[in-house]
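For reference, my_file20.txt is printed below; it contains compact mmCIF, C-alpha atoms.
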# COMPACT_ATOMS: atom_id res chain seq x y z
CA MET A 1 -52.38 41.95 -58.97
CA ARG A 2 -54.96 42.35 -56.26
CA PHE A 3 -58.52 41.48 -57.14
CA ALA A 4 -61.47 43.21 -55.53
CA ARG A 5 -64.19 41.01 -54.03
CA PHE A 6 -67.54 41.00 -55.76
CA LEU A 7 -70.28 42.77 -53.87
CA THR A 8 -72.92 40.44 -55.26
CA THR A 9 -72.77 36.95 -56.69
CA THR A 10 -74.40 38.03 -59.92
CA THR A 11 -71.84 40.73 -60.68
CA VAL A 12 -69.89 40.16 -63.87
CA LEU A 13 -67.45 43.04 -64.21
CA LEU A 14 -67.75 46.79 -64.70
CA LEU A 15 -68.47 49.47 -67.17
CA LEU A 16 -68.23 46.39 -67.91
CA ILE A 17 -70.45 45.48 -65.15
CA SER A 18 -72.49 48.36 -66.00
CA PHE A 19 -71.96 48.28 -69.76
CA TYR A 20 -72.50 44.58 -70.18
CA VAL A 21 -74.91 43.46 -67.48
CA SER A 22 -78.52 44.53 -67.62
CA SER A 23 -79.42 43.48 -64.06
CA PRO A 24 -79.03 46.11 -61.29
CA SER A 25 -76.08 44.38 -59.62
CA TYR A 26 -73.12 46.48 -58.65
CA GLY A 27 -69.54 45.58 -57.87
CA PHE A 28 -65.94 46.58 -58.15
CA ILE A 29 -63.80 45.75 -61.15
CA GLU A 30 -62.23 42.30 -61.04
CA ARG A 31 -59.32 42.81 -63.41
CA GLU A 32 -57.40 45.66 -64.95
CA PHE A 33 -59.11 47.10 -68.02
CA THR A 34 -57.14 48.93 -70.66
CA ILE A 35 -58.12 52.41 -71.75
CA ARG A 36 -58.70 51.06 -75.23
CA GLU A 37 -61.16 48.47 -73.90
CA VAL A 38 -63.09 51.22 -72.15
CA LEU A 39 -63.21 53.30 -75.33
CA ASP A 40 -64.34 50.34 -77.40
CA ALA A 41 -67.06 49.40 -74.91
CA CYS A 42 -68.74 52.82 -75.08
CA THR A 43 -71.39 53.93 -77.48
CA ASN A 44 -70.70 57.49 -76.33
CA ILE A 45 -68.02 59.58 -74.66
CA VAL A 46 -68.73 63.15 -73.60
CA PHE A 47 -66.50 65.82 -72.12
CA GLY A 48 -68.33 68.03 -69.67
CA GLU A 49 -68.00 70.50 -66.83
CA VAL A 50 -69.54 70.52 -63.38
CA GLN A 51 -72.15 73.28 -63.44
CA VAL A 52 -73.77 72.63 -60.06
CA ALA A 53 -72.28 70.71 -57.13
CA ASN A 54 -74.59 70.43 -54.12
CA ALA A 55 -72.96 68.32 -51.42
CA ARG A 56 -75.85 68.84 -48.99
CA ARG A 57 -78.47 67.47 -51.41
CA LEU A 58 -76.06 64.88 -52.83
CA GLN A 59 -76.61 66.14 -56.36
CA ALA A 60 -74.66 67.55 -59.29
CA ILE A 61 -75.46 68.87 -62.75
CA ILE A 62 -72.97 68.44 -65.58
CA THR A 63 -72.95 70.67 -68.65
CA VAL A 64 -72.07 68.66 -71.76
CA LYS A 65 -69.36 70.52 -73.65
CA GLU A 66 -68.42 68.07 -76.39
CA ASP A 67 -69.40 64.74 -77.91
CA VAL A 68 -66.07 62.97 -78.36
CA LYS A 69 -67.51 59.62 -79.45
CA GLY A 70 -71.07 59.21 -80.73
CA LYS A 71 -73.82 61.85 -80.72
CA SER A 72 -75.38 62.06 -77.27
CA ASN A 73 -77.91 64.88 -77.86
CA LEU A 74 -77.35 65.69 -74.18
CA LYS A 75 -77.12 69.28 -73.00
CA GLU A 76 -76.69 68.36 -69.37
CA ILE A 77 -76.48 65.32 -67.10
CA LYS A 78 -78.18 65.35 -63.72
CA MET A 79 -76.53 63.15 -61.11
CA ASN A 80 -78.22 61.88 -57.95
CA PHE A 81 -75.63 60.52 -55.52
CA ALA A 82 -78.13 59.63 -52.78
CA THR A 83 -78.86 56.34 -54.55
CA GLY A 84 -75.35 54.95 -54.08
CA GLN A 85 -73.84 52.38 -51.78
CA TYR A 86 -73.32 53.63 -48.25
CA LYS A 87 -69.97 51.88 -47.90
CA GLN A 88 -66.69 53.10 -46.51
CA ASN A 89 -64.66 55.04 -49.11
CA THR A 90 -67.41 54.78 -51.76
CA SER A 91 -70.34 56.56 -50.07
CA PRO A 92 -72.57 59.21 -51.68
CA GLN A 93 -71.30 61.86 -49.24
CA ILE A 94 -67.70 61.29 -50.33
CA MET A 95 -68.67 61.42 -53.99
CA ALA A 96 -70.71 64.60 -53.62
CA ARG A 97 -67.81 66.37 -51.89
CA LEU A 98 -65.37 65.47 -54.66
CA LEU A 99 -67.21 67.42 -57.35
CA LYS A 100 -66.58 71.16 -57.49
CA GLU A 101 -68.14 73.70 -59.83
CA GLY A 102 -66.05 74.24 -62.93
CA MET A 103 -64.30 70.85 -62.77
CA PRO A 104 -63.86 69.02 -66.10
CA ILE A 105 -65.35 65.55 -66.27
CA ILE A 106 -65.40 62.63 -68.72
CA VAL A 107 -68.50 60.44 -69.02
CA PHE A 108 -68.08 57.08 -70.76
CA TYR A 109 -71.42 55.41 -71.35
CA ARG A 110 -73.20 52.66 -73.19
CA GLU A 111 -76.83 53.15 -74.19
CA GLN A 112 -78.90 49.98 -74.30
CA TYR A 113 -82.30 49.85 -72.59
CA GLY A 114 -81.12 52.78 -70.51
CA ILE A 115 -77.68 54.20 -69.82
CA ASP A 116 -74.77 52.54 -68.01
CA SER A 117 -71.80 54.79 -67.46
CA MET A 118 -68.39 55.11 -65.89
CA CYS A 119 -67.36 58.69 -65.14
CA PHE A 120 -63.96 60.20 -64.39
CA ILE A 121 -62.91 63.29 -62.46
CA ASP A 122 -59.41 63.95 -61.14
CA ASN A 123 -58.04 60.58 -59.88
CA THR A 124 -61.54 59.16 -59.35
CA TRP A 125 -63.77 56.75 -61.28
CA PHE A 126 -67.44 56.38 -60.38
CA GLN A 127 -70.41 54.57 -61.85
CA MET A 128 -73.79 56.07 -62.78
CA ARG A 129 -76.90 54.48 -64.30
CA SER A 130 -80.13 55.66 -65.86
CA TYR A 131 -82.92 53.10 -65.90
CA GLN A 132 -85.13 54.88 -68.39
CA GLY A 133 -86.20 52.61 -71.26
CA ARG A 134 -85.91 53.36 -74.93
CA ARG A 135 -89.38 54.86 -75.06
CA ASN A 136 -88.14 57.65 -72.79
CA ARG A 137 -85.15 58.49 -74.96
CA LEU A 138 -86.39 62.01 -75.73
CA GLU A 139 -86.78 62.71 -72.01
CA ARG A 140 -83.37 61.24 -71.28
CA ASN A 141 -81.66 63.22 -74.02
CA SER A 142 -83.27 66.44 -72.89
CA GLY A 143 -81.54 66.01 -69.53
CA SER A 144 -84.77 65.99 -67.49
CA SER A 145 -84.10 62.51 -66.02
CA TRP A 146 -81.64 61.89 -63.20
CA TRP A 147 -78.79 59.43 -63.38
CA SER A 148 -78.33 57.27 -60.30
CA PHE A 149 -74.99 56.86 -58.55
CA THR A 150 -73.87 53.35 -57.58
CA HIS A 151 -70.31 53.62 -56.23
CA ILE A 152 -66.78 54.95 -56.53
CA ASP A 153 -64.53 52.29 -58.04
CA PRO A 154 -60.93 52.58 -56.76
CA MET A 155 -59.83 49.53 -58.79
CA MET A 156 -60.28 51.49 -62.04
CA LYS A 157 -57.22 53.57 -61.11
CA ARG A 158 -55.27 50.72 -62.69
CA THR A 159 -56.74 51.93 -66.00
CA PHE A 160 -55.88 55.61 -65.51
CA ASP A 161 -54.95 57.68 -62.47
CA GLY A 162 -54.31 61.37 -62.98
CA LYS A 163 -55.87 64.69 -63.89
CA THR A 164 -58.99 64.91 -66.04
CA LYS A 165 -57.46 67.28 -68.59
CA ASP A 166 -54.53 64.90 -69.08
CA PHE A 167 -56.94 62.01 -69.53
CA GLN A 168 -58.96 64.00 -72.06
CA LYS A 169 -55.85 64.36 -74.22
CA VAL A 170 -55.16 60.62 -73.93
CA VAL A 171 -58.75 59.84 -74.98
CA ARG A 172 -58.53 62.17 -77.98
CA ASP A 173 -55.22 60.68 -79.12
CA MET A 174 -56.42 57.09 -78.77
CA LEU A 175 -59.67 57.79 -80.61
CA ALA A 176 -57.52 59.31 -83.36
CA GLY A 177 -55.78 55.93 -83.74
CA LYS A 178 -52.57 56.61 -81.84
CA MET A 179 -51.05 53.73 -79.86
CA TRP A 180 -48.85 53.62 -76.76
CA VAL A 181 -50.13 57.07 -75.86
CA THR A 182 -49.31 56.64 -72.17
CA ALA A 183 -46.01 54.79 -72.69
CA PRO A 184 -43.03 56.29 -70.83
CA LYS A 185 -40.17 57.57 -72.94
CA ASN A 186 -37.87 54.68 -72.08
CA GLY A 187 -40.66 52.10 -72.21
CA VAL A 188 -40.56 48.99 -74.37
CA LYS A 189 -43.55 48.96 -76.72
CA VAL A 190 -45.05 45.50 -77.13
CA LEU A 191 -47.74 44.84 -79.73
CA VAL A 192 -49.76 41.67 -79.09
CA LEU A 193 -51.69 40.01 -81.91
CA THR A 194 -54.47 38.20 -80.06
CA GLY A 195 -58.21 37.55 -79.87
CA ASN A 196 -58.81 35.82 -83.22
CA SER A 197 -58.45 32.23 -82.01
CA THR A 198 -58.58 31.83 -78.24
CA SER A 199 -61.53 32.84 -76.08
CA THR A 200 -61.50 36.06 -74.13
CA THR A 201 -61.68 36.36 -70.36
CA TRP A 202 -65.05 35.83 -68.66
CA GLY A 203 -66.06 34.28 -71.99
CA GLN A 204 -69.35 33.02 -70.55
CA SER A 205 -70.67 36.57 -71.09
CA TYR A 206 -70.04 37.29 -74.75
CA VAL A 207 -69.14 40.90 -75.50
CA HIS A 208 -67.89 41.73 -78.96
CA THR A 209 -65.65 44.55 -77.72
CA ASN A 210 -63.78 42.35 -75.24
CA THR A 211 -60.33 41.47 -76.60
CA MET A 212 -58.61 40.60 -73.32
CA THR A 213 -57.51 37.00 -73.79
CA TYR A 214 -55.97 35.14 -70.87
CA GLU A 215 -52.65 35.24 -72.68
CA TYR A 216 -52.77 39.02 -73.06
CA LYS A 217 -53.87 39.44 -69.44
CA ALA A 218 -50.86 37.40 -68.27
CA LEU A 219 -48.50 39.47 -70.42
CA ARG A 220 -49.86 42.74 -69.05
CA ASN A 221 -49.05 41.59 -65.54
CA VAL A 222 -45.37 41.89 -66.49
CA LYS A 223 -44.83 45.60 -65.89
CA THR A 224 -41.05 45.82 -66.22
CA ALA A 225 -38.09 43.89 -67.60
CA GLY A 226 -34.79 44.80 -66.05
CA LYS A 227 -35.05 48.54 -65.46
CA ARG A 228 -37.33 49.21 -68.40
CA PRO A 229 -41.12 49.56 -68.12
CA ILE A 230 -43.23 47.71 -70.66
CA ALA A 231 -46.19 49.29 -72.47
CA TYR A 232 -48.66 47.00 -74.22
CA GLU A 233 -51.17 47.36 -77.02
CA SER A 234 -53.26 44.53 -78.43
CA THR A 235 -54.77 44.14 -81.86
CA LYS A 236 -57.01 41.67 -83.67
CA MET A 237 -56.06 43.20 -87.02
CA ARG A 238 -54.01 40.59 -88.81
CA THR A 239 -52.77 43.26 -91.22
CA LEU A 240 -50.65 44.64 -88.33
CA PRO A 241 -50.90 48.33 -89.32
CA ASN A 242 -49.00 49.52 -86.21
CA ILE A 243 -46.14 47.03 -86.22
CA LYS A 244 -43.58 49.65 -87.29
CA ASP A 245 -44.11 51.56 -84.03
CA ALA A 246 -43.47 48.52 -81.81
CA ASP A 247 -40.24 47.18 -80.32
CA ILE A 248 -41.60 43.65 -79.79
CA LEU A 249 -44.38 41.82 -81.60
CA TRP A 250 -45.96 38.98 -79.59
CA ILE A 251 -47.97 36.71 -81.88
CA GLY A 252 -50.51 35.00 -79.65
CA PHE A 253 -51.38 31.33 -79.52
CA GLU A 254 -52.79 30.01 -82.82
CA GLU A 255 -52.70 33.46 -84.44
CA ILE A 256 -50.38 32.17 -87.18
CA SER A 257 -52.22 28.86 -87.62
CA SER A 258 -55.39 27.32 -86.19
CA TYR A 259 -55.95 23.75 -87.38
CA GLY A 260 -53.51 24.61 -90.15
CA ARG A 261 -55.82 27.38 -91.38
CA HIS A 262 -56.35 31.10 -90.73
CA LEU A 263 -52.81 31.87 -91.78
CA LEU A 264 -51.45 35.40 -91.74
CA PRO A 265 -52.01 37.46 -94.90
CA THR A 266 -49.04 37.55 -97.24
CA GLY A 267 -48.64 41.28 -96.71
CA SER A 268 -48.44 40.78 -92.94
CA GLU A 269 -45.81 38.07 -93.33
CA LYS A 270 -43.66 40.51 -95.29
CA LYS A 271 -44.20 43.21 -92.65
CA ILE A 272 -43.00 40.80 -89.95
CA LYS A 273 -39.85 39.89 -91.89
CA ASP A 274 -39.05 43.57 -92.48
CA PHE A 275 -39.73 44.34 -88.82
CA VAL A 276 -37.23 41.72 -87.65
CA LYS A 277 -34.66 42.62 -90.27
CA LYS A 278 -34.64 46.22 -89.02
CA GLY A 279 -34.13 45.20 -85.39
CA GLY A 280 -37.55 44.20 -84.09
CA ILE A 281 -38.17 41.10 -82.01
CA VAL A 282 -41.01 38.69 -82.75
CA VAL A 283 -42.23 36.13 -80.22
CA VAL A 284 -44.42 33.33 -81.57
CA ALA A 285 -46.47 31.74 -78.79
CA GLY A 286 -47.55 28.42 -80.22
CA GLN A 287 -49.38 27.22 -83.30
CA ASP A 288 -51.80 24.50 -84.34
CA SER A 289 -51.01 22.20 -87.26
CA THR A 290 -52.74 19.16 -88.66
CA ILE A 291 -51.15 16.25 -90.52
CA ARG A 292 -52.47 17.58 -93.82
CA ARG A 293 -52.05 21.25 -92.99
CA PRO A 294 -48.74 22.14 -91.30
CA CYS A 295 -48.37 25.64 -89.94
CA GLY A 296 -47.36 28.21 -92.51
CA THR A 297 -44.00 29.93 -92.00
CA GLY A 298 -44.08 32.73 -94.55
CA TRP A 299 -43.50 35.20 -91.69
CA LEU A 300 -40.19 33.53 -90.84
CA GLN A 301 -36.91 33.96 -92.67
CA GLY A 302 -35.48 30.50 -93.27
CA LYS A 303 -36.60 26.93 -92.71
CA LEU A 304 -38.83 25.56 -89.93
CA THR A 305 -41.73 23.09 -89.96
CA GLY A 306 -44.75 23.08 -87.67
CA VAL A 307 -46.12 19.63 -86.83
CA GLU A 308 -49.08 18.13 -85.07
CA SER A 309 -47.85 16.87 -81.71
CA PRO A 310 -49.53 15.27 -78.71
CA PRO A 311 -49.88 17.53 -75.65
CA ASP A 312 -46.80 17.46 -73.45
CA ARG A 313 -45.55 19.02 -70.23
CA HIS A 314 -41.93 17.88 -70.14
CA PHE A 315 -38.88 19.42 -71.77
CA VAL A 316 -35.11 19.08 -71.85
CA VAL A 317 -32.87 22.14 -71.67
CA ILE A 318 -30.43 22.07 -74.59
CA ASP A 319 -28.79 25.49 -74.32
CA ASN A 320 -28.65 27.37 -71.01
CA SER A 321 -26.34 30.16 -72.21
CA GLU A 322 -29.29 32.52 -71.80
CA PRO A 323 -31.44 32.50 -68.61
CA VAL A 324 -34.68 31.70 -70.44
CA PHE A 325 -35.63 29.09 -67.83
CA SER A 326 -34.17 30.82 -64.78
CA THR A 327 -34.71 34.60 -64.90
CA PRO A 328 -36.71 35.95 -63.26
CA ASN A 329 -38.52 32.63 -62.65
CA ARG A 330 -37.17 29.11 -62.22
CA ILE A 331 -39.02 26.90 -64.73
CA ARG A 332 -38.96 23.13 -64.26
CA SER A 333 -39.91 20.35 -66.64
CA GLY A 334 -43.46 19.16 -66.06
CA THR A 335 -44.85 22.61 -65.24
CA LEU A 336 -45.65 23.83 -68.76
CA PHE A 337 -48.40 23.11 -71.27
CA ILE A 338 -46.88 22.32 -74.67
CA ASP A 339 -48.74 21.41 -77.84
CA ASP A 340 -48.03 21.35 -81.59
CA ALA A 341 -44.32 22.01 -81.91
CA TRP A 342 -41.58 22.61 -84.48
CA VAL A 343 -39.04 20.43 -86.28
CA GLU A 344 -36.42 20.76 -89.02
CA TRP A 345 -34.86 23.93 -87.63
CA GLU A 346 -31.65 25.36 -89.01
CA GLU A 347 -28.21 24.57 -87.59
CA SER A 348 -27.61 28.24 -86.78
CA ASP A 349 -30.73 28.43 -84.61
CA GLN A 350 -30.31 28.71 -80.85
CA VAL A 351 -32.34 25.84 -79.38
CA PHE A 352 -33.04 26.42 -75.69
CA ALA A 353 -35.26 23.38 -75.05
CA THR A 354 -36.92 20.46 -76.80
CA THR A 355 -39.59 17.98 -75.82
CA LYS A 356 -38.26 15.02 -73.89
CA GLU A 357 -39.65 12.18 -76.00
CA ARG A 358 -39.93 13.57 -79.55
CA ASN A 359 -37.07 16.09 -79.68
CA GLU A 360 -39.34 18.88 -80.96
CA LEU A 361 -38.63 22.55 -80.38
CA VAL A 362 -40.13 24.04 -77.20
CA VAL A 363 -38.25 27.36 -77.15
CA GLY A 364 -35.69 28.58 -79.64
CA ALA A 365 -34.35 31.75 -81.27
CA ARG A 366 -33.29 32.75 -84.76
CA LYS A 367 -31.38 35.88 -85.69
CA TYR A 368 -32.34 37.72 -88.84
CA GLY A 369 -30.82 41.03 -89.86
CA LYS A 370 -30.64 43.24 -86.78
CA GLY A 371 -33.53 41.47 -85.04
CA LEU A 372 -34.61 38.17 -83.60
CA TYR A 373 -37.37 35.56 -83.75
CA ILE A 374 -38.24 33.72 -80.53
CA ILE A 375 -40.22 30.58 -81.34
CA THR A 376 -42.21 28.63 -78.74
CA SER A 377 -44.63 25.71 -78.63
CA LEU A 378 -46.64 26.98 -75.68
CA ARG A 379 -50.31 26.12 -75.45
CA ASN A 380 -52.00 29.32 -74.25
CA ASP A 381 -55.62 28.55 -75.04
CA THR A 382 -57.34 28.63 -71.62
CA GLN A 383 -57.07 30.29 -68.25
CA TYR A 384 -55.60 27.10 -66.79
CA THR A 385 -52.90 26.54 -69.42
CA VAL A 386 -51.88 30.21 -69.35
CA SER A 387 -51.66 30.13 -65.54
CA ASN A 388 -49.08 27.34 -65.90
CA ASN A 389 -47.17 28.99 -68.75
CA LYS A 390 -47.17 32.60 -67.53
CA LEU A 391 -43.87 32.36 -65.66
CA LEU A 392 -42.04 31.26 -68.80
CA MET A 393 -43.85 33.98 -70.76
CA GLU A 394 -42.45 36.51 -68.31
CA ASN A 395 -38.96 35.04 -68.73
CA ILE A 396 -39.28 35.27 -72.50
CA LEU A 397 -40.25 38.95 -72.25
CA HIS A 398 -37.20 39.60 -70.08
CA TYR A 399 -35.00 37.82 -72.60
CA ALA A 400 -36.55 39.72 -75.51
CA VAL A 401 -36.08 43.12 -73.84
CA LYS A 402 -32.47 42.23 -73.08
CA GLN A 403 -31.88 41.55 -76.78
CA LEU A 404 -33.13 45.05 -77.66
CA LYS A 405 -30.09 46.49 -75.96
CA LYS A 406 -27.70 44.62 -78.20
Would you write the structure of this file as structure tokens?
Amino acid sequence: MRFARFLTTTTVLLLLISFYVSSPSYGFIEREFTIREVLDACTNIVFGEVQVANARRLQAIITVKEDVKGKSNLKEIKMNFATGQYKQNTSPQIMARLLKEGMPIIVFYREQYGIDSMCFIDNTWFQMRSYQGRRNRLERNSGSSWWSFTHIDPMMKRTFDGKTKDFQKVVRDMLAGKMWVTAPKNGVKVLVLTGNSTSTTWGQSYVHTNTMTYEYKALRNVKTAGKRPIAYESTKMRTLPNIKDADILWIGFEEISSYGRHLLPTGSEKKIKDFVKKGGIVVVAGQDSTIRRPCGTGWLQGKLTGVESPPDRHFVVIDNSEPVFSTPNRIRSGTLFIDDAWVEWEESDQVFATTKERNELVVGARKYGKGLYIITSLRNDTQYTVSNNKLLMENILHYAVKQLKK
């Protein structure tokens, strides 16, 4: 994935610069943001229509048609594009020419000591800000204040690129609780349980709506497996209400056990067993046991014991009948980060690799019903460890998708 350069050293990230950073520093988006992250970050989402588009004066007036999230109390939004960055491909003149009277528009914004917004019209994302303080809320809500343009952000096309009316339907569906709304018909739907144990990206700036862990970010970089596209959704809900709609459940690092605690609810463990029995595939990406508190395995059909192990980077391939360590990436011993592992597996289990010194499970698989468990001892707790493990994670996804065909 290509990353845009920051325009200032104090820039943090986006709507996300704008939503989460109070200083007037502007920049392009560093990483791909999911639609769900954008929705969660907003206090308000409004659907509107361009009432006035004046390219000569670099201004536009938006009529607010509907409050889709939150109550804005806005009748119109006045946009001043003259305040933006005079940069190639993001200039105020370009922005002003894009808006035409009658065009639908979506405005995502967060209100906190003013308004920070990210707006969308056909195939184009752009950022607006209103610096009015809370004491001027009545003026702001009446529409008498002007919002200031900062820049067009081409990197946000990774989040959504299409027509506004199509995006409006996606927004409605996702706010209604639907998942995989944009997944292609032949896409593999992967649900990732993550965000309860490991820190999120750019964790130095705490934002409660940010659920993008480094592990989830690495998974999302895998767009296809074989000829099938992959569609991802993440959840922090340990009750797994949407598991029945998934093809693959990826249980993130330490989500089943952190220091031997924070185990999955009993109801979720039963859901996971039923999911696998009916043909689903579950990938477990590492756990954390203590001597007194081994990892719980109520989610797994059969016998397996999680143990506290010293960190390791070396493994021995036991079974190479499946290309877990060769397709699409060649994985060599010494390149991974491995931590608390597994012992006492069943004879029928397929053991792909063990640790070199202690003979503990690194990657293995267990069939159950029509589905499959894929068990790993990967340590995916930081940006650095994930960067070393991401190639094997991609291989595991390829292997998992291949099993869906059988």
Which residue of A:Pro241, A:Gly371, A:Gly267, A:Pro229 approaches Val282 (chain A) most closely, using only C-alpha atoms:
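Of all the options, A:Gly371 lies closest to Val282 (chain A).
Between CA of Val107 (chain A) and CA of Asn80 (chain A) there is a distance of 14.8 Å.
Minimum distance to Tyr384 (chain A) across A:Ile35, A:Val307, A:Tyr214, A:Arg228 (counting all atoms listed in the file) occurs at A:Tyr214.
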* **Surrounding residues of Arg330 (chain A) excluding itself and chain neighbours under 2 positions, 12 Å, all atoms listed in the file, as a PyMOL selection string** => chain A and resi 323-328+332-333+335-336+389-395
For the atom pair CA of Tyr86 (chain A) and CA of Met128 (chain A), what is the interatomic distance in Å to one decimal place?
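Separation between CA of Tyr86 (chain A) and CA of Met128 (chain A): 14.7 Å.
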* Residues within 9 Å of Gly334 (chain A), only C-alpha atoms, excluding chain neighbours under 2 positions, as a count of residues only -> 7
I'd like the contact shell of Ile94 (chain A) - 12 Å cut-off, only C-alpha atoms, skipping same-chain residues fewer than 3 positions apart - returned as a list of chain:residue names.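 Here the qualifying residues turn out to be A:Ala55, A:Arg56, A:Leu58, A:Gln59, A:Phe81, A:Ala82, A:Gly84, A:Gln85, A:Tyr86, A:Lys87, A:Gln88, A:Asn89, A:Thr90, A:Ser91, A:Arg97, A:Leu98, A:Leu99, A:Thr124, A:Phe126, A:Phe149, A:His151, A:Ile152.
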Closest of A:Gly298, A:Gly70, A:Pro310, A:Gly226 to Gly187 (chain A), counting all atoms listed in the file, is A:Gly226
Expressed in Å, the length from CA of Met103 (chain A) to CA of Phe167 (chain A) is 13.3 Å
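Nearest to Lys178 (chain A) of all the residues A:Asn242, A:Thr385, A:Thr198, A:Thr83 is A:Asn242, based on only C-alpha atoms.
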Restricting to all atoms listed in the file, whichever of A:Ile62, A:Met118, A:Leu240, A:Ala246 is closest to Ala183 (chain A) is A:Ala246
Region 231-277 of chain A residues near region 216-220 of chain A within 9 Å, closest pair each, using only C-alpha atoms, as a tab-separated table:
residue	atom	partner	partner_atom	distance
A:Ala231	CA	A:Arg220	CA	8.3
A:Tyr232	CA	A:Arg220	CA	6.8
A:Ser234	CA	A:Tyr216	CA	7.7
A:Gly252	CA	A:Tyr216	CA	8.0
Among A:Thr376, A:Ser117, A:Gln403, A:Thr34, Val283 (chain A) is approached most closely, using all atoms listed in the file, by A:Thr376
Item to check | Distance query Ile281 (chain A) at most 9 Å, all atoms listed in the file, self and fewer than 2 positions along chain excluded, as a PyMOL selection string | outcome: chain A and resi 247-250+275-276+279+283+371-374+400-401+403-404
Env of Asp67 (chain A): 7 Å cut, atoms = all atoms listed in the file, seq-sep filter 6 positions within chain, self excluded. Answer as a PyMOL selection string.
chain A and resi 45-47
Hey, could you pull the box centre and edge lengths for region 38-43 of chain A, axis-aligned, 5 Å padding per side, all listed atoms, to one decimal in Å, as JSON?
{"center_x": -67.2, "center_y": 51.7, "center_z": -74.8, "size_x": 18.3, "size_y": 14.5, "size_z": 15.3}
Note to self: Taking (-55.5, 19.4, -87.2) in the coordinates of the supplied file, I want to know which residues reach to within 12 Å of it, counting all atoms listed in the file; could you give the answer as a PyMOL selection string?
What the structure shows: chain A and resi 254+257-261+287-295+306-310+339-340
